[in-house]
file coords_34.cif (mmCIF, C-alpha atoms)
data_target
#
loop_
_atom_site.label_atom_id
_atom_site.label_comp_id
_atom_site.auth_asym_id
_atom_site.auth_seq_id
_atom_site.Cartn_x
_atom_site.Cartn_y
_atom_site.Cartn_z
CA MET A 278 -10.62 2.52 -111.85
CA LYS A 279 -7.21 3.63 -110.65
CA ILE A 280 -5.05 0.75 -109.42
CA ALA A 281 -1.62 1.22 -107.85
CA THR A 282 1.17 -0.80 -106.29
CA TRP A 283 3.86 0.19 -103.80
CA ASN A 284 6.54 -1.73 -101.96
CA VAL A 285 6.61 0.32 -98.77
CA ASN A 286 9.53 -1.47 -97.10
CA SER A 287 7.88 -1.40 -93.64
CA LEU A 288 4.34 -0.11 -93.33
CA LYS A 289 4.97 0.95 -89.73
CA VAL A 290 7.67 3.35 -90.87
CA ARG A 291 5.94 4.47 -94.06
CA LEU A 292 2.32 4.74 -92.83
CA PRO A 293 2.31 8.58 -92.99
CA HIS A 294 3.61 8.43 -96.57
CA VAL A 295 0.96 5.90 -97.59
CA SER A 296 -1.83 7.84 -95.91
CA ASP A 297 -0.79 11.09 -97.58
CA TRP A 298 -0.57 9.37 -100.95
CA LEU A 299 -4.06 7.93 -100.59
CA ILE A 300 -5.47 11.34 -99.70
CA GLN A 301 -3.73 13.04 -102.60
CA HIS A 302 -4.29 10.47 -105.36
CA GLN A 303 -7.45 8.64 -104.26
CA PRO A 304 -6.75 5.32 -106.00
CA ASP A 305 -9.59 2.80 -106.06
CA VAL A 306 -7.10 0.08 -105.19
CA LEU A 307 -3.62 0.27 -103.66
CA CYS A 308 -1.57 -2.90 -103.31
CA LEU A 309 1.25 -2.87 -100.77
CA GLN A 310 4.24 -5.16 -100.35
CA GLU A 311 6.87 -5.74 -97.69
CA LEU A 312 4.59 -4.77 -94.81
CA LYS A 313 6.99 -6.25 -92.23
CA LEU A 314 4.12 -6.51 -89.74
CA ASP A 315 2.45 -9.42 -87.97
CA GLN A 316 -1.12 -10.10 -89.01
CA ASP A 317 -2.56 -8.52 -85.85
CA GLN A 318 -0.39 -5.39 -86.16
CA PHE A 319 -1.92 -4.10 -89.39
CA PRO A 320 -3.10 -0.46 -88.97
CA LEU A 321 -6.61 -1.03 -90.34
CA SER A 322 -8.22 1.87 -88.47
CA ALA A 323 -5.83 4.38 -90.06
CA PHE A 324 -7.04 3.36 -93.51
CA GLU A 325 -10.69 3.12 -92.52
CA MET A 326 -10.52 6.76 -91.45
CA LEU A 327 -9.56 7.58 -95.04
CA GLY A 328 -12.44 5.59 -96.52
CA TYR A 329 -10.50 2.44 -97.38
CA ARG A 330 -11.08 -1.20 -96.58
CA ALA A 331 -8.25 -3.69 -96.44
CA VAL A 332 -7.34 -7.34 -96.68
CA TRP A 333 -3.82 -8.42 -95.81
CA SER A 334 -1.44 -11.25 -95.11
CA GLY A 335 1.10 -10.06 -92.58
CA GLN A 336 4.51 -11.33 -91.56
CA LYS A 337 6.87 -9.89 -89.00
CA THR A 338 10.30 -8.64 -90.12
CA TYR A 339 9.96 -9.79 -93.73
CA ASN A 340 7.35 -9.99 -96.50
CA GLY A 341 3.66 -9.25 -96.02
CA VAL A 342 1.15 -8.00 -98.62
CA ALA A 343 -2.09 -6.00 -98.47
CA ILE A 344 -4.83 -4.71 -100.74
CA LEU A 345 -6.49 -1.42 -99.84
CA SER A 346 -9.72 -0.62 -101.69
CA LYS A 347 -12.69 1.72 -101.63
CA GLU A 348 -15.03 -1.19 -102.42
CA GLU A 349 -15.19 -4.33 -100.33
CA ALA A 350 -12.87 -7.12 -101.48
CA GLN A 351 -14.50 -10.40 -102.46
CA ASN A 352 -13.18 -13.95 -102.77
CA VAL A 353 -9.92 -13.27 -100.95
CA HIS A 354 -7.12 -15.80 -101.42
CA THR A 355 -3.59 -15.93 -100.00
CA GLY A 356 -0.54 -17.95 -101.01
CA LEU A 357 0.27 -20.13 -104.00
CA PRO A 358 -1.52 -23.50 -104.25
CA ALA A 359 1.56 -25.17 -105.74
CA LEU A 360 3.59 -24.17 -102.64
CA PRO A 361 1.20 -25.04 -99.79
CA ASN A 362 3.95 -25.29 -97.18
CA ASP A 363 5.73 -22.06 -98.06
CA PRO A 364 5.79 -19.94 -94.88
CA GLN A 365 6.51 -16.69 -96.71
CA ARG A 366 3.55 -14.31 -97.04
CA ARG A 367 3.96 -13.01 -100.57
CA VAL A 368 0.61 -13.30 -102.38
CA ILE A 369 -2.90 -12.01 -101.80
CA ALA A 370 -5.71 -11.92 -104.37
CA ALA A 371 -9.21 -10.43 -104.25
CA THR A 372 -11.99 -9.37 -106.58
CA ILE A 373 -12.76 -5.64 -106.43
CA GLY A 374 -15.32 -3.96 -108.65
CA GLY A 375 -15.39 -7.00 -110.92
CA VAL A 376 -11.60 -6.99 -111.43
CA ARG A 377 -9.42 -9.76 -110.03
CA VAL A 378 -6.46 -8.12 -108.29
CA VAL A 379 -3.43 -10.30 -107.55
CA ASP A 380 -0.86 -8.55 -105.35
CA VAL A 381 2.61 -10.15 -105.26
CA TYR A 382 5.90 -9.58 -103.50
CA CYS A 383 8.11 -11.80 -105.60
CA VAL A 384 11.24 -13.52 -104.35
CA ASN A 385 14.48 -11.55 -104.71
CA GLY A 386 16.79 -14.52 -105.25
CA GLU A 387 19.93 -12.96 -103.72
CA ALA A 388 22.40 -14.04 -106.45
CA VAL A 389 22.22 -15.99 -109.70
CA GLY A 390 22.99 -19.65 -109.03
CA SER A 391 22.37 -19.45 -105.28
CA GLU A 392 19.96 -21.56 -103.26
CA LYS A 393 17.63 -18.58 -103.00
CA PHE A 394 17.77 -18.20 -106.78
CA ALA A 395 16.55 -21.80 -107.14
CA TYR A 396 13.70 -20.94 -104.76
CA LYS A 397 12.90 -17.91 -106.92
CA GLN A 398 12.64 -20.15 -109.99
CA GLN A 399 10.32 -22.55 -108.15
CA TRP A 400 8.25 -19.65 -106.85
CA PHE A 401 7.76 -18.05 -110.27
CA ALA A 402 6.73 -21.40 -111.72
CA ALA A 403 4.11 -21.70 -108.97
CA LEU A 404 2.97 -18.12 -109.64
CA ALA A 405 2.52 -18.81 -113.35
CA GLU A 406 0.46 -21.90 -112.54
CA PHE A 407 -1.72 -19.87 -110.18
CA ILE A 408 -2.28 -17.04 -112.66
CA ARG A 409 -3.13 -19.48 -115.43
CA SER A 410 -5.87 -20.89 -113.21
CA GLU A 411 -7.08 -17.48 -112.06
CA LEU A 412 -7.45 -16.23 -115.64
CA VAL A 413 -9.86 -19.04 -116.41
CA GLN A 414 -12.14 -17.93 -113.59
CA TYR A 415 -11.43 -14.19 -113.78
CA PRO A 416 -10.81 -12.92 -117.34
CA GLU A 417 -10.49 -9.32 -116.12
CA LEU A 418 -7.37 -9.64 -114.01
CA VAL A 419 -4.43 -7.49 -112.99
CA LEU A 420 -1.23 -8.96 -111.57
CA LEU A 421 0.83 -6.31 -109.84
CA GLY A 422 3.48 -5.73 -107.24
CA ASP A 423 7.24 -5.96 -106.73
CA PHE A 424 8.43 -8.61 -109.18
CA ASN A 425 12.15 -8.22 -108.44
CA ILE A 426 12.80 -8.48 -112.18
CA ALA A 427 13.80 -5.75 -114.63
CA PRO A 428 12.32 -7.18 -117.85
CA ALA A 429 14.58 -5.40 -120.37
CA ASP A 430 17.73 -3.32 -120.67
CA LEU A 431 15.53 -0.22 -120.98
CA ASP A 432 14.50 -0.87 -117.37
CA VAL A 433 18.08 -0.66 -116.06
CA TYR A 434 20.21 2.46 -115.65
CA ASP A 435 23.38 0.60 -116.68
CA PRO A 436 22.53 -2.59 -118.62
CA GLU A 437 26.17 -3.53 -119.13
CA LYS A 438 26.93 -3.35 -115.40
CA TRP A 439 23.83 -5.38 -114.54
CA GLN A 440 24.07 -7.95 -117.33
CA GLY A 441 23.63 -11.45 -115.93
CA LYS A 442 23.17 -10.14 -112.39
CA ILE A 443 20.26 -10.80 -110.04
CA LEU A 444 17.05 -8.99 -111.11
CA CYS A 445 18.37 -8.73 -114.69
CA SER A 446 19.51 -12.23 -115.66
CA ALA A 447 18.26 -13.97 -118.78
CA GLU A 448 16.64 -16.66 -116.64
CA GLU A 449 14.60 -14.17 -114.64
CA ARG A 450 13.53 -12.31 -117.74
CA ALA A 451 12.34 -15.60 -119.20
CA TRP A 452 10.21 -16.19 -116.07
CA PHE A 453 8.69 -12.75 -116.51
CA GLN A 454 7.98 -13.49 -120.17
CA THR A 455 6.22 -16.69 -119.12
CA LEU A 456 3.71 -14.54 -117.23
CA LEU A 457 3.19 -12.30 -120.26
CA ASP A 458 2.68 -15.38 -122.43
CA LEU A 459 -0.32 -16.29 -120.29
CA GLY A 460 -2.07 -13.30 -121.88
CA LEU A 461 -0.86 -10.42 -119.72
CA THR A 462 0.48 -7.06 -120.89
CA ASP A 463 2.93 -4.74 -119.13
CA SER A 464 0.72 -1.65 -118.64
CA LEU A 465 3.55 0.83 -118.28
CA ARG A 466 5.35 -0.36 -121.40
CA ARG A 467 2.09 -0.51 -123.34
CA LEU A 468 1.73 3.26 -122.94
CA HIS A 469 5.41 4.24 -122.60
CA PRO A 470 7.26 1.83 -124.90
CA ALA A 471 10.58 3.66 -125.16
CA GLU A 472 10.86 5.85 -122.06
CA PRO A 473 13.39 4.96 -119.33
CA LEU A 474 11.28 4.52 -116.19
CA TYR A 475 12.50 3.31 -112.81
CA THR A 476 10.59 2.21 -109.71
CA TRP A 477 13.44 1.27 -107.33
CA TRP A 478 16.65 3.03 -106.34
CA ASP A 479 19.26 1.68 -103.96
CA TYR A 480 19.54 3.70 -100.75
CA ARG A 481 23.30 3.75 -101.14
CA MET A 482 25.44 6.15 -103.17
CA ASN A 483 22.68 8.73 -103.65
CA MET A 484 21.18 6.61 -106.43
CA PHE A 485 17.78 8.31 -106.51
CA ARG A 486 19.13 11.83 -106.93
CA ARG A 487 21.51 10.54 -109.58
CA LYS A 488 18.52 8.90 -111.35
CA LEU A 489 20.17 5.48 -111.28
CA GLY A 490 17.39 2.96 -110.78
CA LEU A 491 15.67 -0.19 -111.99
CA ARG A 492 12.07 -0.86 -113.03
CA ILE A 493 11.10 -3.92 -111.01
CA ASP A 494 7.54 -3.02 -109.94
CA HIS A 495 4.89 -3.82 -112.55
CA ILE A 496 1.19 -3.81 -113.35
CA LEU A 497 0.29 -6.60 -115.78
CA ALA A 498 -3.21 -6.49 -117.28
CA SER A 499 -5.15 -9.35 -118.87
CA GLN A 500 -6.31 -9.19 -122.48
CA ALA A 501 -9.91 -8.69 -121.37
CA LEU A 502 -8.90 -5.71 -119.23
CA LEU A 503 -6.38 -4.18 -121.63
CA PRO A 504 -8.87 -2.25 -123.83
CA ARG A 505 -9.85 -0.29 -120.70
CA LEU A 506 -6.26 0.87 -119.99
CA THR A 507 -6.07 4.66 -120.40
CA ALA A 508 -3.04 5.82 -118.40
CA ALA A 509 -0.09 4.53 -116.38
CA GLY A 510 2.96 5.94 -114.67
CA VAL A 511 5.43 6.06 -111.79
CA ASP A 512 5.09 8.63 -109.01
CA THR A 513 8.62 9.40 -107.92
CA ALA A 514 7.64 12.11 -105.42
CA PRO A 515 7.39 9.77 -102.37
CA ARG A 516 10.92 8.50 -103.04
CA ALA A 517 12.21 12.04 -102.42
CA LEU A 518 10.62 12.28 -98.96
CA GLU A 519 12.48 11.92 -95.68
CA ARG A 520 12.88 8.24 -94.66
CA PRO A 521 11.33 6.96 -97.90
CA SER A 522 10.78 3.47 -99.17
CA ASP A 523 13.37 2.55 -101.77
CA HIS A 524 10.45 1.94 -104.19
CA ALA A 525 8.02 4.42 -105.77
CA PRO A 526 4.30 3.85 -106.39
CA VAL A 527 3.30 2.59 -109.84
CA TRP A 528 -0.24 3.22 -111.07
CA ALA A 529 -2.57 2.47 -113.96
CA GLU A 530 -6.04 3.69 -114.83
CA PHE A 531 -8.76 1.59 -116.44
CA GLU A 532 -12.08 2.92 -117.77
#
call {"tool": "encode", "arguments": {"input": "coords_34.cif", "output": "C-alpha coordinates"}}
result
Amino acid sequence: MKIATWNVNSLKVRLPHVSDWLIQHQPDVLCLQELKLDQDQFPLSAFEMLGYRAVWSGQKTYNGVAILSKEEAQNVHTGLPALPNDPQRRVIAATIGGVRVVDVYCVNGEAVGSEKFAYKQQWFAALAEFIRSELVQYPELVLLGDFNIAPADLDVYDPEKWQGKILCSAEERAWFQTLLDLGLTDSLRRLHPAEPLYTWWDYRMNMFRRKLGLRIDHILASQALLPRLTAAGVDTAPRALERPSDHAPVWAEFE
(Lines of atoms letter the chains of each structure in order from A and count residues from 1; the text may use other names and numbers.)
(Lines give C-alpha, C1' and ligand atoms only; values in the text may rest on other atoms or scores of the structure.)
Protein backbone atom coordinates (compact mmCIF):
# COMPACT_ATOMS: atom_id res chain seq x y z
CA MET A 1 0.00 0.00 0.00
CA LYS A 2 1.45 3.33 -1.08
CA ILE A 3 0.24 6.24 1.06
CA ALA A 4 1.13 9.87 0.34
CA THR A 5 0.44 13.34 1.67
CA TRP A 6 0.56 16.72 -0.07
CA ASN A 7 -0.33 20.23 1.02
CA VAL A 8 -1.52 21.57 -2.33
CA ASN A 9 -2.11 25.18 -1.24
CA SER A 10 -5.34 25.50 -3.27
CA LEU A 11 -6.71 22.45 -5.01
CA LYS A 12 -8.40 24.61 -7.64
CA VAL A 13 -5.03 25.96 -8.75
CA ARG A 14 -3.12 22.71 -8.33
CA LEU A 15 -5.69 20.21 -9.68
CA PRO A 16 -3.67 19.51 -12.87
CA HIS A 17 -0.57 18.83 -10.77
CA VAL A 18 -2.45 16.48 -8.46
CA SER A 19 -4.09 14.64 -11.35
CA ASP A 20 -0.77 14.16 -13.13
CA TRP A 21 0.86 12.93 -9.94
CA LEU A 22 -1.90 10.38 -9.37
CA ILE A 23 -1.54 9.08 -12.93
CA GLN A 24 2.23 8.84 -12.68
CA HIS A 25 2.60 7.38 -9.17
CA GLN A 26 -0.69 5.54 -8.60
CA PRO A 27 -0.75 5.78 -4.80
CA ASP A 28 -3.40 3.74 -3.01
CA VAL A 29 -4.10 6.73 -0.78
CA LEU A 30 -3.31 10.42 -1.23
CA CYS A 31 -4.10 12.85 1.58
CA LEU A 32 -4.43 16.52 0.66
CA GLN A 33 -4.34 19.63 2.82
CA GLU A 34 -5.16 23.29 2.33
CA LEU A 35 -7.87 22.66 -0.25
CA LYS A 36 -9.20 26.22 0.04
CA LEU A 37 -12.53 25.08 -1.39
CA ASP A 38 -16.07 25.01 -0.03
CA GLN A 39 -17.49 21.56 0.58
CA ASP A 40 -19.66 21.68 -2.55
CA GLN A 41 -16.78 22.87 -4.77
CA PHE A 42 -14.65 19.73 -4.45
CA PRO A 43 -13.74 18.36 -7.94
CA LEU A 44 -14.85 14.79 -7.25
CA SER A 45 -15.54 13.89 -10.88
CA ALA A 46 -11.96 14.73 -11.89
CA PHE A 47 -10.65 12.13 -9.44
CA GLU A 48 -13.32 9.56 -10.25
CA MET A 49 -12.18 9.67 -13.86
CA LEU A 50 -8.77 8.55 -12.63
CA GLY A 51 -10.18 5.68 -10.58
CA TYR A 52 -10.15 7.39 -7.19
CA ARG A 53 -12.82 7.87 -4.57
CA ALA A 54 -12.71 10.75 -2.13
CA VAL A 55 -13.90 11.98 1.23
CA TRP A 56 -13.26 15.58 2.20
CA SER A 57 -13.94 18.41 4.59
CA GLY A 58 -13.83 21.65 2.65
CA GLN A 59 -13.45 25.26 3.69
CA LYS A 60 -13.33 28.32 1.50
CA THR A 61 -10.18 30.48 1.47
CA TYR A 62 -8.38 28.56 4.22
CA ASN A 63 -7.86 24.98 5.43
CA GLY A 64 -9.71 21.96 4.05
CA VAL A 65 -8.54 18.33 3.94
CA ALA A 66 -9.30 15.33 1.72
CA ILE A 67 -8.46 11.65 1.38
CA LEU A 68 -8.30 10.17 -2.12
CA SER A 69 -8.24 6.37 -2.31
CA LYS A 70 -8.63 3.51 -4.74
CA GLU A 71 -10.71 1.59 -2.19
CA GLU A 72 -13.83 3.00 -0.58
CA ALA A 73 -13.22 4.83 2.69
CA GLN A 74 -15.00 3.48 5.76
CA ASN A 75 -15.88 5.01 9.13
CA VAL A 76 -15.15 8.59 8.09
CA HIS A 77 -14.66 11.13 10.87
CA THR A 78 -13.92 14.87 10.75
CA GLY A 79 -12.66 17.28 13.39
CA LEU A 80 -11.24 16.81 16.88
CA PRO A 81 -13.65 15.70 19.63
CA ALA A 82 -11.86 17.83 22.23
CA LEU A 83 -12.51 20.95 20.10
CA PRO A 84 -16.16 20.49 19.07
CA ASN A 85 -16.73 24.18 18.35
CA ASP A 86 -13.59 24.74 16.29
CA PRO A 87 -14.75 26.05 12.89
CA GLN A 88 -11.47 25.23 11.13
CA ARG A 89 -11.56 22.16 8.86
CA ARG A 90 -8.22 20.53 9.58
CA VAL A 91 -8.80 16.82 10.28
CA ILE A 92 -10.36 13.93 8.41
CA ALA A 93 -9.94 10.23 9.23
CA ALA A 94 -11.06 7.08 7.42
CA THR A 95 -10.31 3.38 7.30
CA ILE A 96 -8.95 2.21 3.94
CA GLY A 97 -7.86 -1.35 3.27
CA GLY A 98 -7.81 -2.07 7.00
CA VAL A 99 -5.52 0.89 7.77
CA ARG A 100 -6.77 3.89 9.72
CA VAL A 101 -5.67 7.03 7.86
CA VAL A 102 -5.74 10.32 9.77
CA ASP A 103 -5.11 13.32 7.52
CA VAL A 104 -4.20 16.57 9.32
CA TYR A 105 -3.48 20.16 8.40
CA CYS A 106 -1.99 21.34 11.66
CA VAL A 107 -2.12 24.90 12.92
CA ASN A 108 0.76 27.16 11.87
CA GLY A 109 0.84 29.32 15.00
CA GLU A 110 2.14 32.51 13.33
CA ALA A 111 4.77 33.41 15.97
CA VAL A 112 5.99 31.94 19.24
CA GLY A 113 4.10 33.51 22.13
CA SER A 114 1.25 34.83 19.99
CA GLU A 115 -2.45 34.14 20.44
CA LYS A 116 -2.34 31.82 17.45
CA PHE A 117 0.58 29.98 19.04
CA ALA A 118 -1.57 29.33 22.12
CA TYR A 119 -4.27 27.97 19.80
CA LYS A 120 -1.65 25.72 18.20
CA GLN A 121 -0.74 24.31 21.61
CA GLN A 122 -4.41 23.64 22.41
CA TRP A 123 -4.93 22.08 19.00
CA PHE A 124 -1.98 19.69 19.29
CA ALA A 125 -3.15 18.62 22.74
CA ALA A 126 -6.56 17.82 21.24
CA LEU A 127 -4.90 15.94 18.37
CA ALA A 128 -2.86 13.81 20.77
CA GLU A 129 -6.02 12.96 22.71
CA PHE A 130 -7.77 11.97 19.49
CA ILE A 131 -4.91 9.80 18.25
CA ARG A 132 -4.61 8.07 21.61
CA SER A 133 -8.26 7.08 21.31
CA GLU A 134 -7.98 6.09 17.66
CA LEU A 135 -5.04 3.77 18.34
CA VAL A 136 -7.12 1.79 20.79
CA GLN A 137 -9.71 1.09 18.11
CA TYR A 138 -7.36 1.00 15.11
CA PRO A 139 -3.91 -0.47 15.91
CA GLU A 140 -2.81 -0.15 12.27
CA LEU A 141 -2.87 3.62 11.91
CA VAL A 142 -1.02 6.28 9.97
CA LEU A 143 -1.12 9.95 10.95
CA LEU A 144 0.02 12.15 8.10
CA GLY A 145 -0.16 15.62 6.67
CA ASP A 146 1.27 19.10 7.12
CA PHE A 147 2.29 19.30 10.78
CA ASN A 148 3.85 22.77 10.58
CA ILE A 149 6.67 21.49 12.78
CA ALA A 150 10.27 20.67 11.83
CA PRO A 151 11.07 18.02 14.46
CA ALA A 152 14.88 18.40 14.53
CA ASP A 153 17.72 20.59 13.33
CA LEU A 154 18.36 18.08 10.55
CA ASP A 155 14.98 19.11 9.14
CA VAL A 156 15.97 22.78 8.79
CA TYR A 157 18.33 24.30 6.22
CA ASP A 158 19.74 26.77 8.76
CA PRO A 159 19.08 25.59 12.34
CA GLU A 160 20.83 28.57 13.90
CA LYS A 161 18.69 31.06 11.98
CA TRP A 162 15.49 29.18 12.85
CA GLN A 163 16.30 28.40 16.48
CA GLY A 164 13.35 29.28 18.70
CA LYS A 165 11.28 30.47 15.73
CA ILE A 166 7.82 29.27 14.71
CA LEU A 167 7.84 25.72 13.26
CA CYS A 168 11.15 25.00 15.02
CA SER A 169 10.67 26.04 18.65
CA ALA A 170 11.37 23.68 21.54
CA GLU A 171 7.70 23.81 22.53
CA GLU A 172 6.49 22.69 19.12
CA ARG A 173 9.06 19.92 18.95
CA ALA A 174 7.84 18.70 22.32
CA TRP A 175 4.27 18.56 20.96
CA PHE A 176 5.52 16.50 18.04
CA GLN A 177 7.35 14.18 20.42
CA THR A 178 4.13 13.71 22.37
CA LEU A 179 2.60 12.20 19.24
CA LEU A 180 5.58 9.87 18.78
CA ASP A 181 5.31 8.84 22.43
CA LEU A 182 1.83 7.50 21.72
CA GLY A 183 3.53 4.75 19.72
CA LEU A 184 4.07 6.41 16.35
CA THR A 185 7.24 6.42 14.25
CA ASP A 186 8.41 9.02 11.73
CA SER A 187 8.47 6.90 8.54
CA LEU A 188 10.89 9.08 6.64
CA ARG A 189 13.41 9.24 9.46
CA ARG A 190 13.04 5.51 10.12
CA LEU A 191 14.45 4.81 6.66
CA HIS A 192 16.57 7.96 6.16
CA PRO A 193 17.92 8.75 9.63
CA ALA A 194 20.71 11.15 8.66
CA GLU A 195 19.76 12.60 5.26
CA PRO A 196 18.69 16.26 5.00
CA LEU A 197 15.19 16.11 3.50
CA TYR A 198 12.83 19.04 3.00
CA THR A 199 9.13 19.16 2.12
CA TRP A 200 8.44 22.93 2.11
CA TRP A 201 10.25 25.86 0.55
CA ASP A 202 9.23 29.50 0.87
CA TYR A 203 8.12 31.02 -2.43
CA ARG A 204 10.34 34.01 -1.76
CA MET A 205 14.05 34.43 -2.49
CA ASN A 206 14.26 31.43 -4.83
CA MET A 207 14.40 29.10 -1.82
CA PHE A 208 13.57 25.90 -3.71
CA ARG A 209 16.30 26.27 -6.32
CA ARG A 210 18.74 27.17 -3.55
CA LYS A 211 17.65 24.00 -1.68
CA LEU A 212 16.74 25.98 1.44
CA GLY A 213 13.71 24.27 2.95
CA LEU A 214 12.12 22.70 6.01
CA ARG A 215 10.70 19.23 6.61
CA ILE A 216 7.26 19.90 8.07
CA ASP A 217 5.14 17.27 6.27
CA HIS A 218 5.23 13.84 7.90
CA ILE A 219 3.91 10.29 7.78
CA LEU A 220 3.78 8.75 11.27
CA ALA A 221 3.11 5.00 11.45
CA SER A 222 1.82 3.01 14.41
CA GLN A 223 3.85 0.19 15.93
CA ALA A 224 1.49 -2.39 14.46
CA LEU A 225 1.97 -0.94 10.97
CA LEU A 226 5.70 -0.24 11.23
CA PRO A 227 6.94 -3.77 10.34
CA ARG A 228 5.22 -3.34 6.96
CA LEU A 229 7.12 -0.12 6.11
CA THR A 230 9.38 -0.77 3.11
CA ALA A 231 10.10 2.63 1.53
CA ALA A 232 9.54 6.35 2.02
CA GLY A 233 10.59 9.58 0.37
CA VAL A 234 9.88 13.11 -0.83
CA ASP A 235 9.03 13.81 -4.48
CA THR A 236 10.44 17.24 -5.19
CA ALA A 237 9.54 17.23 -8.89
CA PRO A 238 6.10 18.92 -8.47
CA ARG A 239 7.74 21.79 -6.57
CA ALA A 240 9.72 22.63 -9.71
CA LEU A 241 6.59 22.98 -11.88
CA GLU A 242 5.05 26.27 -12.97
CA ARG A 243 2.71 27.70 -10.28
CA PRO A 244 3.57 24.96 -7.77
CA SER A 245 2.45 24.41 -4.23
CA ASP A 246 5.14 25.45 -1.79
CA HIS A 247 5.05 21.85 -0.45
CA ALA A 248 6.15 18.60 -2.11
CA PRO A 249 4.41 15.21 -1.82
CA VAL A 250 5.71 12.83 0.85
CA TRP A 251 5.08 9.11 0.44
CA ALA A 252 5.55 5.79 2.22
CA GLU A 253 5.01 2.21 1.14
CA PHE A 254 3.71 -0.58 3.37
CA GLU A 255 3.62 -4.27 2.45
call {"tool": "resolve_selection", "arguments": {"input": "coords_34.cif", "expression": "the PyMOL selection byres ((chain A and resi 330) around 10)", "output": "MDAnalysis selection string"}}
result
chainID A and resid 306 321:322 324:329 331:332 344:350
call {"tool": "atom_distance", "arguments": {"input": "coords_34.cif", "atom1": "CA of Pro416 in chain A", "atom2": "CA of Gly341 in chain A"}}
result
26.0 Å
call {"tool": "resolve_selection", "arguments": {"input": "coords_34.cif", "expression": "the PyMOL selection byres ((chain A and resi 505) around 9)", "output": "PyMOL selection string"}}
result
chain A and resi 501-504+506-507+530-532
call {"tool": "resolve_selection", "arguments": {"input": "coords_34.cif", "expression": "the PyMOL selection byres ((chain A and resi 411) around 12)", "output": "JSON, numbers by chain"}}
result
{"A": [352, 354, 357, 358, 370, 371, 372, 376, 377, 378, 379, 404, 405, 406, 407, 408, 409, 410, 412, 413, 414, 415, 416, 417, 418, 419, 420, 459, 460, 499]}
call {"tool": "atom_distance", "arguments": {"input": "coords_34.cif", "atom1": "CA of Gln398 in chain A", "atom2": "CA of Asp463 in chain A"}}
result
20.4 Å
call {"tool": "closest_residue", "arguments": {"input": "coords_34.cif", "among": "A:Leu468, A:Val389, A:Ala395, A:Leu314", "to": "Lys442 in chain A", "atoms": "all atoms listed in the file"}}
result
A:Val389
call {"tool": "atom_distance", "arguments": {"input": "coords_34.cif", "atom1": "CA of Thr355 in chain A", "atom2": "CA of Asp305 in chain A"}}
result
20.6 Å
